[in-house]
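Structure, as C-alpha cells:
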Amino acid sequence: MKSVNLQDAKTHLSRYLDDVEKGEVVVLCRHNKPIAEIRSIATTEDDVPEFGIYDGFGVSPEFFDPLPKDLVAAFGGL
C-alpha cells in the first residue's frame with residue numbers, strides 16, 4: 001500500500017494509476033491524513049460469470065436481441 005498526498009497525486013496521477021493496474025492500493029491523504037483509496041476494478045475474463053452455468057438455468061440466444069421499438073418507447077426511449 002502506498003500513501004500519497006493530494007498534490008503529489010495530482011502531479012503524478014498516471015504514475016499512480018500504473019501502480020494500481022499492477023495491483024497496488026494507493027491511499028490519498030490530505031495533510032498526511034488518509035481520506036480515500038484508489039484500487040483496481042479491472043476484471044479478467046475469468047471473473048465474468050457465464051450465463052447458464054447452473055443446472056436448470058439457461059439463457060436463449062433471443063435474450064440478447066434488441067427490444068421491440070414499442071417497448072423502448074414505453075420507457076421513454078432509453
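As shown in the C-alpha cells, the chain order sets the letters A, B, ...; within each chain, residues go from 1, and ligands are also counted from 1 in the order they appear.
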
Handout entry: Surrounding residues of Glu21 in chain A excluding itself and chain neighbours under 5 positions, 10 Å, only C-alpha atoms, as a VMD selection string
Key = chain A and resid 16 39 to 42

Residues just named, written with N, CA and C atoms as a short mmCIF file (atom, residue, chain, number, x, y, z; two decimals), in the first residue's frame:
```cif
data_model
loop_
_atom_site.label_atom_id
_atom_site.label_comp_id
_atom_site.auth_asym_id
_atom_site.auth_seq_id
_atom_site.Cartn_x
_atom_site.Cartn_y
_atom_site.Cartn_z
N TYR A 16 0.70 6.77 -10.58
CA TYR A 16 0.00 6.02 -9.53
C TYR A 16 -1.05 5.09 -10.13
N ARG A 39 -8.04 1.75 -5.88
CA ARG A 39 -7.71 0.35 -6.11
C ARG A 39 -8.29 -0.08 -7.45
N SER A 40 -7.73 -1.11 -8.00
CA SER A 40 -8.13 -1.59 -9.32
C SER A 40 -9.54 -2.19 -9.30
N ILE A 41 -10.29 -1.94 -10.36
CA ILE A 41 -11.57 -2.59 -10.54
C ILE A 41 -11.57 -3.43 -11.80
N ALA A 42 -10.42 -3.56 -12.41
CA ALA A 42 -10.31 -4.33 -13.66
C ALA A 42 -10.69 -5.78 -13.41
#
```

Problem - For Asp18 in chain A: contacts at 12 Å, only C-alpha atoms, fewer than 6 positions along chain excluded, given as a PyMOL selection string - result: chain A and resi 12+24-26+38-40

Would you save the residues of that selection, restricted to C-alpha atoms, as a short mmCIF file (atom, residue, chain, number, x, y, z; two decimals), in the first residue's frame?
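Everything below was put into out-v7.cif:
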```cif
data_model
loop_
_atom_site.label_atom_id
_atom_site.label_comp_id
_atom_site.auth_asym_id
_atom_site.auth_seq_id
_atom_site.Cartn_x
_atom_site.Cartn_y
_atom_site.Cartn_z
CA HIS A 12 1.82 12.16 -10.89
CA GLU A 24 -1.17 -1.90 -5.66
CA VAL A 25 -3.53 0.15 -3.50
CA VAL A 26 -2.85 3.90 -3.34
CA ILE A 38 -7.58 4.02 -5.21
CA ARG A 39 -7.71 0.35 -6.11
CA SER A 40 -8.13 -1.59 -9.32
#
```

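Here CA of Val4 in chain A is placed at a distance of 8.8 Å from CA of Pro34 in chain A.
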
Handout entry: Nearest residue to Val27 in chain A from the set A:Met1, A:Pro68, A:Arg15, A:Ala73 (distances using only C-alpha atoms)
Key = A:Met1

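CA of Val20 in chain A lies 15.9 Å from CA of Leu6 in chain A.
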
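In this structure, CA of Asp65 in chain A sits 16.4 Å away from CA of Gly77 in chain A.
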